[in-house]
Every structure is written in structure tokens, then in C-alpha cells.
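model-v9.txt (compact mmCIF, C-alpha atoms)
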```
# COMPACT_ATOMS: atom_id res chain seq x y z
CA MET A 1 -85.43 5.08 -30.93
CA SER A 2 -83.21 2.89 -33.08
CA LYS A 3 -84.74 0.17 -35.21
CA THR A 4 -84.42 -3.47 -34.13
CA ASN A 5 -83.84 -5.90 -37.01
CA HIS A 6 -85.10 -9.48 -36.86
CA THR A 7 -84.07 -12.78 -38.41
CA GLU A 8 -85.23 -16.32 -37.75
CA ILE A 9 -81.73 -17.82 -37.58
CA ALA A 10 -78.70 -15.71 -36.70
CA ILE A 11 -75.26 -17.20 -37.32
CA VAL A 12 -72.07 -15.64 -36.03
CA GLY A 13 -69.16 -16.38 -38.36
CA ALA A 14 -68.94 -16.95 -42.12
CA GLY A 15 -66.27 -19.64 -42.02
CA ILE A 16 -67.11 -23.15 -43.16
CA VAL A 17 -68.97 -24.03 -39.93
CA GLY A 18 -71.16 -20.94 -40.21
CA LEU A 19 -71.79 -21.42 -43.93
CA ALA A 20 -72.74 -25.07 -43.40
CA HIS A 21 -75.27 -24.17 -40.70
CA ALA A 22 -76.67 -21.36 -42.85
CA LEU A 23 -77.24 -23.74 -45.76
CA ALA A 24 -78.78 -26.46 -43.59
CA ALA A 25 -81.22 -23.96 -42.04
CA ALA A 26 -82.09 -22.23 -45.31
CA LYS A 27 -82.83 -25.54 -47.04
CA ARG A 28 -85.47 -26.08 -44.37
CA GLY A 29 -87.08 -22.73 -45.16
CA TYR A 30 -85.69 -20.59 -42.35
CA LYS A 31 -84.68 -17.00 -42.97
CA VAL A 32 -80.98 -16.82 -42.08
CA THR A 33 -78.64 -13.91 -41.38
CA VAL A 34 -74.90 -14.53 -41.14
CA PHE A 35 -72.73 -11.99 -39.33
CA GLU A 36 -69.01 -11.88 -40.08
CA ARG A 37 -66.69 -9.41 -38.40
CA ASN A 38 -64.34 -9.20 -41.39
CA LEU A 39 -65.19 -8.07 -44.92
CA GLU A 40 -64.73 -11.74 -45.81
CA ALA A 41 -63.87 -14.75 -43.66
CA VAL A 42 -60.09 -14.99 -43.23
CA GLY A 43 -59.66 -17.55 -40.45
CA ALA A 44 -58.90 -21.26 -40.42
CA SER A 45 -61.41 -21.98 -43.18
CA ILE A 46 -59.16 -20.45 -45.85
CA ARG A 47 -55.86 -21.64 -44.35
CA ASN A 48 -56.04 -25.39 -44.96
CA PHE A 49 -55.52 -28.08 -47.61
CA GLY A 50 -59.09 -27.92 -48.89
CA MET A 51 -59.38 -31.66 -48.46
CA VAL A 52 -62.65 -33.35 -47.67
CA TRP A 53 -61.10 -36.49 -46.19
CA PRO A 54 -63.55 -39.18 -45.00
CA VAL A 55 -60.82 -41.83 -44.75
CA GLY A 56 -59.34 -39.90 -41.82
CA GLN A 57 -62.49 -40.32 -39.71
CA PRO A 58 -63.12 -43.45 -37.63
CA ASN A 59 -65.92 -45.86 -38.54
CA GLY A 60 -69.36 -45.03 -37.22
CA LYS A 61 -70.84 -41.60 -36.53
CA LEU A 62 -67.87 -39.54 -37.69
CA ARG A 63 -67.31 -41.48 -40.92
CA ASP A 64 -71.04 -41.19 -41.66
CA ARG A 65 -70.89 -37.45 -40.95
CA ALA A 66 -67.92 -37.11 -43.30
CA PHE A 67 -69.73 -38.93 -46.09
CA LYS A 68 -72.78 -36.71 -45.62
CA SER A 69 -70.52 -33.67 -45.81
CA ARG A 70 -68.93 -35.01 -48.98
CA GLU A 71 -72.36 -35.46 -50.56
CA ILE A 72 -73.33 -31.87 -49.75
CA TRP A 73 -69.96 -30.50 -50.86
CA LEU A 74 -70.32 -32.10 -54.28
CA GLU A 75 -73.85 -30.81 -54.66
CA VAL A 76 -72.90 -27.26 -53.67
CA VAL A 77 -69.68 -26.85 -55.65
CA GLU A 78 -71.21 -28.34 -58.78
CA LYS A 79 -74.17 -25.93 -58.61
CA ALA A 80 -71.91 -22.99 -57.78
CA GLY A 81 -69.39 -23.86 -60.50
CA LEU A 82 -66.46 -23.97 -58.08
CA TYR A 83 -63.28 -26.02 -58.41
CA HIS A 84 -63.43 -29.52 -56.99
CA ASP A 85 -61.43 -32.66 -57.68
CA PRO A 86 -62.71 -36.04 -56.44
CA SER A 87 -59.25 -37.50 -56.97
CA GLY A 88 -59.05 -39.73 -53.89
CA SER A 89 -55.91 -40.17 -51.81
CA LEU A 90 -52.83 -42.34 -51.38
CA LEU A 91 -51.12 -42.95 -48.05
CA LEU A 92 -47.62 -44.25 -48.81
CA ALA A 93 -45.69 -46.69 -46.59
CA TYR A 94 -41.92 -47.13 -46.86
CA ARG A 95 -41.18 -48.78 -43.52
CA GLN A 96 -42.46 -52.13 -42.27
CA ASP A 97 -44.10 -50.58 -39.19
CA GLU A 98 -46.07 -48.25 -41.47
CA LEU A 99 -47.19 -51.14 -43.66
CA ASP A 100 -48.17 -53.08 -40.52
CA VAL A 101 -50.60 -50.30 -39.59
CA LEU A 102 -52.06 -50.19 -43.09
CA GLU A 103 -52.57 -53.96 -43.12
CA GLU A 104 -54.28 -53.85 -39.71
CA PHE A 105 -56.42 -50.94 -40.88
CA MET A 106 -57.51 -52.93 -43.93
CA ALA A 107 -58.26 -55.99 -41.79
CA THR A 108 -60.48 -53.92 -39.49
CA ASN A 109 -62.30 -52.37 -42.46
CA GLU A 110 -63.01 -55.60 -44.29
CA GLY A 111 -65.70 -55.24 -46.91
CA VAL A 112 -65.24 -51.47 -47.37
CA ASP A 113 -65.11 -51.10 -51.15
CA THR A 114 -63.74 -47.54 -51.21
CA ILE A 115 -60.28 -48.52 -49.94
CA ALA A 116 -57.56 -50.91 -51.12
CA LEU A 117 -53.97 -51.79 -50.29
CA LEU A 118 -51.83 -51.29 -53.39
CA ASN A 119 -48.33 -52.35 -54.32
CA ALA A 120 -45.76 -50.00 -55.85
CA GLU A 121 -46.68 -50.92 -59.42
CA ALA A 122 -50.36 -50.09 -58.85
CA VAL A 123 -49.42 -46.82 -57.13
CA ALA A 124 -47.33 -45.77 -60.14
CA LYS A 125 -50.43 -46.12 -62.32
CA LYS A 126 -52.42 -43.80 -60.07
CA SER A 127 -49.76 -41.18 -59.32
CA GLU A 128 -46.70 -39.95 -61.16
CA ALA A 129 -45.87 -37.82 -58.11
CA ALA A 130 -45.55 -40.72 -55.64
CA ILE A 131 -42.02 -42.05 -55.17
CA THR A 132 -42.24 -45.80 -55.73
CA GLU A 133 -38.60 -46.69 -55.04
CA GLY A 134 -38.58 -48.46 -51.68
CA LEU A 135 -42.38 -48.27 -51.45
CA LEU A 136 -43.78 -51.27 -49.55
CA GLY A 137 -47.44 -50.47 -50.11
CA ALA A 138 -50.07 -47.73 -50.05
CA LEU A 139 -53.60 -47.19 -48.84
CA TRP A 140 -55.76 -46.08 -51.74
CA SER A 141 -59.03 -44.36 -50.88
CA SER A 142 -61.45 -43.19 -53.56
CA THR A 143 -63.55 -40.90 -51.36
CA GLU A 144 -61.39 -37.81 -50.93
CA VAL A 145 -62.33 -34.55 -52.65
CA THR A 146 -60.22 -31.42 -52.90
CA VAL A 147 -61.68 -27.93 -53.09
CA ASP A 148 -59.89 -24.58 -53.03
CA PRO A 149 -60.61 -23.22 -49.53
CA ARG A 150 -59.89 -19.63 -50.51
CA GLU A 151 -62.24 -19.84 -53.47
CA VAL A 152 -65.12 -21.57 -51.72
CA ILE A 153 -65.07 -19.35 -48.62
CA GLN A 154 -64.91 -16.23 -50.77
CA LYS A 155 -67.53 -17.23 -53.36
CA LEU A 156 -70.00 -19.43 -51.50
CA PRO A 157 -71.71 -16.52 -49.69
CA ALA A 158 -72.81 -14.92 -52.99
CA PHE A 159 -74.04 -18.28 -54.29
CA LEU A 160 -75.95 -19.02 -51.08
CA ALA A 161 -77.48 -15.54 -50.94
CA SER A 162 -78.66 -15.87 -54.55
CA ASN A 163 -80.25 -19.29 -54.12
CA TYR A 164 -81.50 -19.44 -50.52
CA PRO A 165 -83.10 -17.11 -47.94
CA ILE A 166 -79.68 -16.17 -46.54
CA GLU A 167 -78.42 -12.63 -45.96
CA PHE A 168 -74.78 -11.87 -45.17
CA GLN A 169 -73.69 -9.00 -42.96
CA PHE A 170 -69.95 -8.63 -43.56
CA GLY A 171 -67.85 -6.24 -41.51
CA LYS A 172 -70.34 -6.58 -38.65
CA VAL A 173 -69.10 -7.65 -35.21
CA VAL A 174 -71.56 -9.31 -32.85
CA ASN A 175 -70.43 -7.76 -29.57
CA ALA A 176 -72.93 -9.35 -27.18
CA ILE A 177 -75.79 -11.83 -27.05
CA ALA A 178 -78.60 -11.92 -24.52
CA TYR A 179 -81.25 -14.06 -26.17
CA PRO A 180 -83.17 -13.09 -28.24
CA ASN A 181 -81.05 -9.96 -28.62
CA LEU A 182 -77.79 -9.51 -30.48
CA GLN A 183 -75.76 -6.33 -30.35
CA VAL A 184 -74.10 -5.92 -33.74
CA GLY A 185 -71.90 -2.84 -33.57
CA ASN A 186 -74.39 -0.04 -33.06
CA GLU A 187 -77.27 -2.10 -34.47
CA SER A 188 -79.82 -4.10 -32.49
CA TRP A 189 -81.02 -7.47 -33.77
CA THR A 190 -83.28 -10.23 -32.51
CA ALA A 191 -83.38 -13.85 -33.63
CA ASP A 192 -85.47 -16.93 -32.93
CA ARG A 193 -82.34 -19.12 -32.85
CA ILE A 194 -78.68 -18.16 -32.63
CA PHE A 195 -75.64 -20.22 -33.63
CA VAL A 196 -72.20 -19.00 -32.58
CA CYS A 197 -69.66 -20.37 -35.10
CA SER A 198 -66.82 -17.97 -34.41
CA GLY A 199 -63.86 -20.36 -34.66
CA ALA A 200 -60.78 -19.51 -32.62
CA ASP A 201 -62.29 -16.30 -31.22
CA PHE A 202 -62.97 -17.33 -27.62
CA GLU A 203 -62.78 -13.81 -26.27
CA THR A 204 -65.76 -11.91 -27.71
CA LEU A 205 -68.84 -14.04 -26.91
CA TYR A 206 -69.33 -16.30 -23.87
CA PRO A 207 -65.65 -16.29 -22.82
CA GLN A 208 -66.51 -17.94 -19.49
CA ILE A 209 -68.07 -20.91 -21.28
CA TYR A 210 -64.89 -21.39 -23.28
CA ALA A 211 -62.68 -20.96 -20.21
CA GLU A 212 -64.56 -23.69 -18.36
CA SER A 213 -64.50 -26.07 -21.34
CA ASN A 214 -60.68 -26.53 -21.54
CA ILE A 215 -60.89 -25.89 -25.27
CA THR A 216 -57.61 -24.65 -26.73
CA LYS A 217 -56.17 -23.26 -29.94
CA VAL A 218 -53.97 -25.05 -32.45
CA LYS A 219 -51.53 -23.21 -34.70
CA LEU A 220 -50.46 -24.88 -37.94
CA GLN A 221 -47.88 -23.79 -40.51
CA MET A 222 -48.48 -24.31 -44.22
CA MET A 223 -47.03 -23.47 -47.63
CA ARG A 224 -48.08 -23.12 -51.24
CA THR A 225 -46.00 -23.63 -54.37
CA VAL A 226 -46.17 -21.73 -57.61
CA SER A 227 -48.49 -23.19 -60.26
CA GLN A 228 -47.06 -26.38 -61.71
CA PRO A 229 -45.86 -26.02 -65.32
CA ALA A 230 -47.62 -27.40 -68.40
CA ASN A 231 -50.89 -28.01 -66.51
CA TRP A 232 -49.25 -30.84 -64.54
CA ARG A 233 -51.71 -32.41 -62.11
CA LEU A 234 -50.98 -34.16 -58.82
CA GLY A 235 -53.83 -36.64 -59.05
CA PRO A 236 -54.66 -38.22 -55.68
CA SER A 237 -53.66 -36.22 -52.60
CA LEU A 238 -50.58 -37.78 -51.01
CA TYR A 239 -49.49 -38.53 -47.43
CA ALA A 240 -47.05 -40.89 -45.76
CA GLY A 241 -46.37 -42.69 -42.49
CA LEU A 242 -46.48 -39.65 -40.19
CA THR A 243 -50.16 -39.15 -41.02
CA LEU A 244 -50.98 -42.54 -39.50
CA THR A 245 -50.16 -41.06 -36.08
CA HIS A 246 -52.46 -38.07 -36.51
CA TYR A 247 -55.95 -39.19 -37.56
CA GLY A 248 -58.62 -40.98 -35.56
CA SER A 249 -59.35 -43.56 -38.23
CA PHE A 250 -56.04 -45.27 -37.46
CA SER A 251 -56.01 -44.83 -33.67
CA HIS A 252 -57.55 -48.24 -32.97
CA CYS A 253 -54.65 -50.07 -34.65
CA GLN A 254 -52.49 -51.84 -32.08
CA THR A 255 -49.52 -51.72 -34.45
CA LEU A 256 -49.53 -47.93 -34.17
CA ASP A 257 -47.57 -47.95 -30.89
CA ALA A 258 -44.44 -49.38 -32.51
CA LEU A 259 -44.62 -46.78 -35.28
CA LYS A 260 -44.99 -43.92 -32.79
CA LYS A 261 -42.04 -45.17 -30.72
CA ARG A 262 -39.82 -45.42 -33.79
CA ILE A 263 -40.72 -41.89 -34.91
CA GLU A 264 -40.10 -40.53 -31.41
CA LEU A 265 -36.70 -42.21 -31.33
CA GLU A 266 -35.50 -41.40 -34.85
CA THR A 267 -37.12 -38.03 -35.53
CA PRO A 268 -38.31 -36.46 -32.24
CA HIS A 269 -38.86 -33.09 -33.95
CA PHE A 270 -41.94 -34.50 -35.71
CA PRO A 271 -43.94 -35.20 -32.54
CA GLU A 272 -42.42 -32.13 -30.84
CA TRP A 273 -44.03 -29.83 -33.41
CA GLY A 274 -46.98 -32.08 -34.25
CA ILE A 275 -45.78 -32.48 -37.82
CA HIS A 276 -47.35 -34.77 -40.36
CA VAL A 277 -47.07 -34.08 -44.06
CA MET A 278 -49.74 -33.97 -46.75
CA VAL A 279 -50.00 -32.42 -50.20
CA SER A 280 -53.04 -31.42 -52.26
CA GLN A 281 -53.48 -29.30 -55.39
CA ASN A 282 -55.93 -26.52 -56.22
CA GLY A 283 -57.50 -25.49 -59.51
CA LEU A 284 -54.70 -23.01 -60.20
CA GLY A 285 -52.19 -25.85 -60.23
CA GLU A 286 -50.58 -24.78 -56.96
CA LEU A 287 -49.59 -27.44 -54.42
CA ILE A 288 -50.70 -26.95 -50.79
CA LEU A 289 -48.19 -28.34 -48.30
CA GLY A 290 -48.12 -28.82 -44.53
CA ASP A 291 -48.45 -29.01 -41.64
CA SER A 292 -47.57 -28.66 -37.94
CA HIS A 293 -49.54 -28.41 -34.69
CA GLU A 294 -48.70 -26.17 -31.74
CA TYR A 295 -51.19 -26.02 -28.85
CA GLY A 296 -52.05 -23.14 -26.52
CA LEU A 297 -54.48 -20.26 -26.00
CA THR A 298 -51.95 -17.67 -27.18
CA PRO A 299 -50.43 -18.94 -30.44
CA ASP A 300 -46.97 -17.65 -31.28
CA PRO A 301 -47.44 -15.01 -34.03
CA PHE A 302 -44.05 -15.86 -35.52
CA ASP A 303 -43.60 -18.81 -37.86
CA ARG A 304 -40.56 -21.08 -37.66
CA ALA A 305 -38.55 -21.69 -40.81
CA GLU A 306 -37.26 -24.94 -39.31
CA ILE A 307 -40.81 -26.35 -39.20
CA ASN A 308 -41.36 -25.59 -42.88
CA ASN A 309 -37.99 -27.15 -43.67
CA TYR A 310 -38.92 -30.31 -41.76
CA VAL A 311 -42.13 -30.51 -43.81
CA LEU A 312 -40.33 -29.98 -47.12
CA ASP A 313 -37.58 -32.47 -46.33
CA TYR A 314 -40.07 -35.19 -45.35
CA LEU A 315 -42.31 -34.41 -48.32
CA GLN A 316 -39.46 -35.13 -50.71
CA THR A 317 -39.01 -38.62 -49.27
CA PHE A 318 -42.37 -39.70 -50.71
CA ALA A 319 -43.33 -37.30 -53.51
CA LYS A 320 -41.74 -35.50 -56.46
CA PHE A 321 -43.04 -32.57 -58.46
CA PRO A 322 -42.01 -30.55 -61.51
CA GLU A 323 -41.70 -27.37 -59.43
CA LEU A 324 -41.32 -27.05 -55.65
CA LYS A 325 -40.73 -23.28 -55.56
CA ILE A 326 -42.65 -21.84 -52.59
CA SER A 327 -44.77 -18.77 -53.31
CA GLU A 328 -46.51 -18.34 -49.94
CA THR A 329 -46.20 -19.39 -46.32
CA TRP A 330 -48.74 -18.80 -43.57
CA HIS A 331 -50.22 -20.15 -40.39
CA GLY A 332 -53.77 -20.91 -39.34
CA VAL A 333 -55.36 -21.24 -35.93
CA TYR A 334 -58.28 -23.52 -35.11
CA ALA A 335 -60.05 -24.69 -31.97
CA LYS A 336 -59.68 -28.12 -30.41
CA LEU A 337 -61.11 -29.82 -27.33
CA ALA A 338 -59.01 -32.79 -26.22
CA GLY A 339 -60.77 -36.10 -26.74
CA LYS A 340 -63.67 -34.51 -28.66
CA THR A 341 -64.42 -33.98 -32.33
CA GLU A 342 -66.63 -30.97 -31.74
CA PHE A 343 -67.54 -28.56 -28.97
CA ILE A 344 -71.26 -27.84 -28.72
CA ALA A 345 -72.70 -25.84 -25.83
CA GLU A 346 -75.93 -24.02 -25.06
CA PRO A 347 -75.00 -21.04 -22.88
CA GLU A 348 -78.65 -19.96 -22.79
CA ALA A 349 -81.92 -21.13 -24.29
CA ASN A 350 -82.00 -21.09 -28.09
CA VAL A 351 -78.30 -20.19 -28.36
CA THR A 352 -75.86 -22.86 -29.55
CA ILE A 353 -72.08 -22.63 -29.74
CA VAL A 354 -70.60 -24.85 -32.45
CA ASN A 355 -66.82 -25.05 -32.42
CA GLY A 356 -63.80 -27.27 -31.94
CA LEU A 357 -63.97 -29.43 -35.09
CA SER A 358 -60.29 -30.19 -34.45
CA GLY A 359 -58.95 -29.29 -37.88
CA ALA A 360 -61.56 -31.36 -39.72
CA GLY A 361 -63.93 -28.49 -40.50
CA MET A 362 -63.84 -29.00 -44.26
CA THR A 363 -64.53 -32.71 -43.80
CA LEU A 364 -67.24 -32.58 -41.13
CA SER A 365 -69.01 -29.19 -41.10
CA PHE A 366 -71.82 -29.86 -43.58
CA GLY A 367 -72.70 -33.17 -41.93
CA LEU A 368 -72.58 -31.69 -38.42
CA ALA A 369 -74.78 -28.78 -39.52
CA GLU A 370 -77.39 -31.19 -40.86
CA GLU A 371 -77.45 -32.93 -37.47
CA ASN A 372 -77.72 -29.68 -35.50
CA ILE A 373 -80.34 -28.00 -37.68
CA SER A 374 -82.47 -31.15 -37.83
CA LEU A 375 -83.00 -30.75 -34.08
CA LEU A 376 -84.76 -27.40 -34.50
```
Output the file's structure in the form of C-alpha cells.
Amino acid sequence: MSKTNHTEIAIVGAGIVGLAHALAAAKRGYKVTVFERNLEAVGASIRNFGMVWPVGQPNGKLRDRAFKSREIWLEVVEKAGLYHDPSGSLLLAYRQDELDVLEEFMATNEGVDTIALLNAEAVAKKSEAAITEGLLGALWSSTEVTVDPREVIQKLPAFLASNYPIEFQFGKVVNAIAYPNLQVGNESWTADRIFVCSGADFETLYPQIYAESNITKVKLQMMRTVSQPANWRLGPSLYAGLTLTHYGSFSHCQTLDALKKRIELETPHFPEWGIHVMVSQNGLGELILGDSHEYGLTPDPFDRAEINNYVLDYLQTFAKFPELKISETWHGVYAKLAGKTEFIAEPEANVTIVNGLSGAGMTLSFGLAEENISLL
């Protein structure tokens, strides 16, 4: 008779959501086992900007969750000796309708000391990459932190396993769950609590739950430049007017409608492909550029050169760099549930699905994990 292995907390998936829940549980003294089907996590968690971006989350619960995540991120990457840059961010406005949104945003966040509306002269002091010609103003936020998603997802498991009661089972597919049992390939496991953090894989575990939820997949295209010469640094991450239409923190602004209508009229390809443009930089000096958003349960496996060209063309209207040579292009796929910032379900007792962080996994996962594990 084959042996049955046991763990107190079983987590399916070693992406950022799974790692965050593993850390939160282990800090509370639970024995944790993380199962990852690949030899290392290669999903959405490594295919993003690496930006922890609290300013993109609306006031209240989500902003608080983002700040909690930021606090944990800084603690973890400092202890693990991983690249991180608390460089903040600048959102650049060149059109009056963009500035109108920024001014309304500032008015509705009165008293928040981590943000400020800057003029072109002040922007030039913070960023040599930002184009200040024609710049009407910019939203400065001091809270944003950049990590290297490839580095942290690859190296965090070893750090966590060395410092907490966490074991990683890489190359192990959880085929089925019937609490308290997990079938892991040809191995049998039991667990006191199970968290399913399997990202855009809706097909392997509890597919009926996902089908009934209306959750979908989002494909995004991104690029990376070669390392910038002479150790040139970007400084604050940069974005421009398109980003105002994408993030929940700005959605309450009544001035947003005029901006959206102008974009739809002048550049309909941006909303057609869900394009907004951001740039961050990793510890190797490479710039991370993107992105687009295509929705559907079967993402197109083929990337469109025209989308990348739209991103590059728009990027060069607000930022300049020593070297814009592209070294890599790729796409990522993440889960999203319309109108929600996370999808949490309990398909059976003591089993929790955690998914659908809507592209904000790096910003929200550690905070959400603290909330979920505190309920144990």
C-alpha cells in the first residue's frame, strides 16, 4: 500500500499568490507544502512589470491591502537580498483632459502626503527620462516599488524554505482534490487546509466552479529592452494618460468620461486592444514595457506586432531612453472576474480557491494572503 504524505497547509501553485499564502501561513507556525506543476513557476507572476503599485488601487480596503503588501515585500526582499527599487512613479499628462483627471484625483485625495501634482520643472528634477516638452503636469507618488518578477519568483522559494516551515514540491501536478485528500501525480497527500492558487489554469481543479463564476482570462503583450548603457537608471516608473483609463483608483473621477471619449475618437486602437503604456526597470538595467489586454477563455497563442508597435510609439511620446533596442517579447495570461478584484471560493470545506487578482497580483497578493490566513 502506497504511503500517504501529510501537511498542515497545502498550496497549489508557486506563483506570487501561492508564495504569499505560504509565507502568511508559515509565519503563523503552520507546516506548509507548495505544489507547482512546473520545475519553477512560469506563469503570469514572471511576465509582468514587477511593480508594486499602491497608487493604482482605490481608497479603502484595496489601498490598505496594497500598502500591507508593500510592507511585506520590502521586508522579504531585504532579508532575501533581492533587487528592489522604491523609486515611486510619475503619471505624465500632456492634454488638458488628462490634467483634469489628475486635478480631480488630487482633490479627492486631499491630505494624502504620498502624492503630489508636479509641474514640468519639478518632473525634470525627478526624471531625466520623462519628456517635459508640452507637459502640463504629472502625478508623483512615492509609494511604488519595483522588483524583478523573474528573480523573485525564481529565488523566493529557496529563501522561504530556508527560513520558514515551507516545503516546495516542484514538477508535481495536483490532479484532483477531495478534502482532505490530494492526488499529486502518483502520490497521495492529505492536508488540514488546502489553498488552490493555480492562476489561469481553470481546467485541472474544480473546472465547474470556474465555469459558473464567469471568470475569464486576460492576455497581455510585453517587451524588454537590452540593458541601458553606462548604468543609466530610469528612476521613477513612468506612465501617461492612457493609464488613467485602466486603474480603479481613477475610476471615480467624473472627468474621466471626456478623456475616454477623446481616446476612443482619436486612437480607437488603444481601447480595442486594451492598451495602456507603462515602463519600469529591473536590476539588470533592462526596461520592461507594455502592455495590452485581450479577454477570453482561449487566448490567441500568437502575438501581434502591431500591438507592440502601438505601445512603442505611444511610449516615445512621453519618455526617452539611451537605448530602446528590444531584446525580448512575450505574452502573459492572468485571470479576471468582471467587477471584482479577486475571486475567492470554497468548493468544499477547508478548501479555498484564490484567484482573479485582475493583473494586480504583485501589488495585492501579500496583503490578501494575510487577510485569508488570518481567518484560519
If you take all atoms listed in the file and a cut-off of 10 Å, which residues of segment 51-101 of chain A touch segment 226-235 of chain A, and what are their nearest atom pairs and distances in Å to one decimal, in chain and number order, as CSV?
```
residue,atom,partner,partner_atom,distance
A:Asp85,CA,A:Gly235,CA,8.7
A:Pro86,CA,A:Gly235,CA,9.3
A:Ser87,CA,A:Gly235,CA,5.9
A:Gly88,CA,A:Gly235,CA,8.0
A:Ser89,CA,A:Gly235,CA,8.3
A:Leu90,CA,A:Gly235,CA,9.6
```
Let me see the file: selected residues, C-alpha atoms, as a PDB file, keeping the file's coordinate frame.
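Written file, part-v9.pdb:
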```
ATOM      1  CA  ASP A  85     -61.430 -32.660 -57.680  1.00  0.00           C
ATOM      2  CA  PRO A  86     -62.710 -36.040 -56.440  1.00  0.00           C
ATOM      3  CA  SER A  87     -59.250 -37.500 -56.970  1.00  0.00           C
ATOM      4  CA  GLY A  88     -59.050 -39.730 -53.890  1.00  0.00           C
ATOM      5  CA  SER A  89     -55.910 -40.170 -51.810  1.00  0.00           C
ATOM      6  CA  LEU A  90     -52.830 -42.340 -51.380  1.00  0.00           C
TER       7      LEU A  90
END
```
Report the closest atom pair, with its distance in Å rounded to one decimal, for each residue of segment 199-229 of chain A that has an atom no farther than 8 Å from segment 307-312 of chain A; count only C-alpha atoms, sort by chain and then rising residue number, and write it as a tab-separated table.
```
residue	atom	partner	partner_atom	distance
A:Gln221	CA	A:Asn308	CA	7.2
A:Met222	CA	A:Asn308	CA	7.4
A:Met223	CA	A:Asn308	CA	7.7
```
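Comparing A:Trp273, A:Tyr295, A:Trp73, A:Phe302 by their smallest distance to Val147 of chain A, the closest is A:Trp73 (using all atoms listed in the file).
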Exercise: Thr146 of chain A partners within 8 Å, all atoms listed in the file, chain neighbours under 2 positions left out, as a ChimeraX atom specification: /A:49-52,84-87,144,148,280-282
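Separating atom CA of Arg262 of chain A from atom CA of Asp97 of chain A is a distance of 8.6 Å.
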Which one is closest to Ala369 of chain A: A:Leu357, A:Leu297, A:Ala116, A:Ala191? Count all atoms listed in the file. A:Leu357
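What separates atom CA of Val55 of chain A from atom CA of Arg95 of chain A is a distance of 20.9 Å.
Of note, atom CA of Leu156 of chain A and atom CA of Arg37 of chain A are spaced 16.8 Å apart.
Taking all atoms listed in the file into account, the residues near (-60.2, -28.1, -40.9), no farther than 8 Å, are Ala44, Ser45, Asn48, Tyr334, Leu357, Ser358, Gly359, Ala360, Gly361, Met362 and Thr363 of chain A.
Of the residues listed (A:Gln57, A:Thr245, A:Gln208, A:Ser365), A:Ser365 shows the shortest atom-to-atom separation from Ala20 of chain A; distances use all atoms listed in the file.
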Kindly provide, as JSON, the centre and edge lengths (Å, one decimal) of an axis-aligned box around all atoms of segment 307-315 of chain A given in the file, with 3 Å on each side.
```
{"center_x": -39.9, "center_y": -30.4, "center_z": -43.8, "size_x": 10.7, "size_y": 15.6, "size_z": 15.1}
```
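Closest to Ala22 of chain A among A:Phe168, A:Phe105, A:Tyr83, A:Tyr206 is A:Phe168, based on only C-alpha atoms.
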Using only C-alpha atoms, pick whichever of A:Asp257, A:Glu306, A:Glu323, A:Glu75 has the shortest atom-to-atom distance to Arg224 of chain A. A:Glu323
Place a sphere of radius 6 Å on (-75.7, -16.5, -40.7) in the file coordinates and name every protein, DNA or RNA residue with an atom inside or on its surface, counting all atoms listed in the file; give the answer as a JSON list (two decimals) with C-alpha atoms, keeping the file's coordinate frame.
```
[["chain", "number", "residue", "atom", "x", "y", "z"],
["A", 10, "ALA", "CA", -78.70, -15.71, -36.70],
["A", 11, "ILE", "CA", -75.26, -17.20, -37.32],
["A", 12, "VAL", "CA", -72.07, -15.64, -36.03],
["A", 22, "ALA", "CA", -76.67, -21.36, -42.85],
["A", 32, "VAL", "CA", -80.98, -16.82, -42.08],
["A", 33, "THR", "CA", -78.64, -13.91, -41.38],
["A", 34, "VAL", "CA", -74.90, -14.53, -41.14],
["A", 35, "PHE", "CA", -72.73, -11.99, -39.33]]
```
In terms of the shortest atom-to-atom distance over all atoms listed in the file, which of A:His293, A:Lys219, A:His252, A:Lys320 is closest to His276 of chain A? A:His293
Per residue of segment 207-266 of chain A within 12 Å of segment 60-63 of chain A, note the shortest atom pair and the distance in Å to one decimal, counting only C-alpha atoms, and order the rows by chain and increasing residue number, as JSON lines.
```
{"residue": "A:Tyr247", "atom": "CA", "partner": "A:Leu62", "partner_atom": "CA", "distance": 11.9}
{"residue": "A:Gly248", "atom": "CA", "partner": "A:Leu62", "partner_atom": "CA", "distance": 9.6}
{"residue": "A:Ser249", "atom": "CA", "partner": "A:Arg63", "partner_atom": "CA", "distance": 8.7}
```
Which residues come within 10 Å of Pro180 of chain A, counting all atoms listed in the file, excluding same-chain residues fewer than 4 positions away, as a PyMOL selection string? chain A and resi 6+10+189-194+348-351
Please produce a file of the residues just selected, as a PDB file, in the frame of the given file, where the atoms kept are C-alpha atoms.
```pdb
ATOM      1  CA  HIS A   6     -85.100  -9.480 -36.860  1.00  0.00           C
ATOM      2  CA  ALA A  10     -78.700 -15.710 -36.700  1.00  0.00           C
ATOM      3  CA  TRP A 189     -81.020  -7.470 -33.770  1.00  0.00           C
ATOM      4  CA  THR A 190     -83.280 -10.230 -32.510  1.00  0.00           C
ATOM      5  CA  ALA A 191     -83.380 -13.850 -33.630  1.00  0.00           C
ATOM      6  CA  ASP A 192     -85.470 -16.930 -32.930  1.00  0.00           C
ATOM      7  CA  ARG A 193     -82.340 -19.120 -32.850  1.00  0.00           C
ATOM      8  CA  ILE A 194     -78.680 -18.160 -32.630  1.00  0.00           C
ATOM      9  CA  GLU A 348     -78.650 -19.960 -22.790  1.00  0.00           C
ATOM     10  CA  ALA A 349     -81.920 -21.130 -24.290  1.00  0.00           C
ATOM     11  CA  ASN A 350     -82.000 -21.090 -28.090  1.00  0.00           C
ATOM     12  CA  VAL A 351     -78.300 -20.190 -28.360  1.00  0.00           C
TER      13      VAL A 351
END
```
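The environment of Pro207 of chain A within 12 Å, counting all atoms listed in the file and disregarding residues fewer than 5 places along the same chain, consists of Asn175, Ala176, Ile177, Ser198, Ala200, Asp201, Phe202, Glu212, Ser213, Asn214, Ile215, Pro347 and Ile353 of chain A.
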File output for segment 334-355 of chain A (C-alpha atoms) as a CSV table (one decimal), in the first residue's frame:
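Now in decode_31.csv:
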```csv
chain,number,residue,atom,x,y,z
A,334,TYR,CA,-3.9,36.1,-15.9
A,335,ALA,CA,-7.4,35.6,-14.5
A,336,LYS,CA,-10.0,38.3,-14.1
A,337,LEU,CA,-13.6,38.4,-12.8
A,338,ALA,CA,-15.5,41.4,-14.1
A,339,GLY,CA,-16.3,43.9,-11.4
A,340,LYS,CA,-14.2,42.1,-8.8
A,341,THR,CA,-10.6,42.4,-7.6
A,342,GLU,CA,-10.3,38.8,-6.5
A,343,PHE,CA,-12.1,35.5,-6.9
A,344,ILE,CA,-12.4,33.5,-3.7
A,345,ALA,CA,-14.5,30.4,-3.5
A,346,GLU,CA,-14.8,27.4,-1.2
A,347,PRO,CA,-15.8,24.4,-3.3
A,348,GLU,CA,-15.7,22.2,-0.3
A,349,ALA,CA,-15.0,22.5,3.4
A,350,ASN,CA,-11.4,23.6,4.2
A,351,VAL,CA,-10.6,24.2,0.5
A,352,THR,CA,-10.2,27.7,-0.7
A,353,ILE,CA,-9.7,28.9,-4.3
A,354,VAL,CA,-7.8,32.2,-4.5
A,355,ASN,CA,-7.6,33.7,-8.0
```
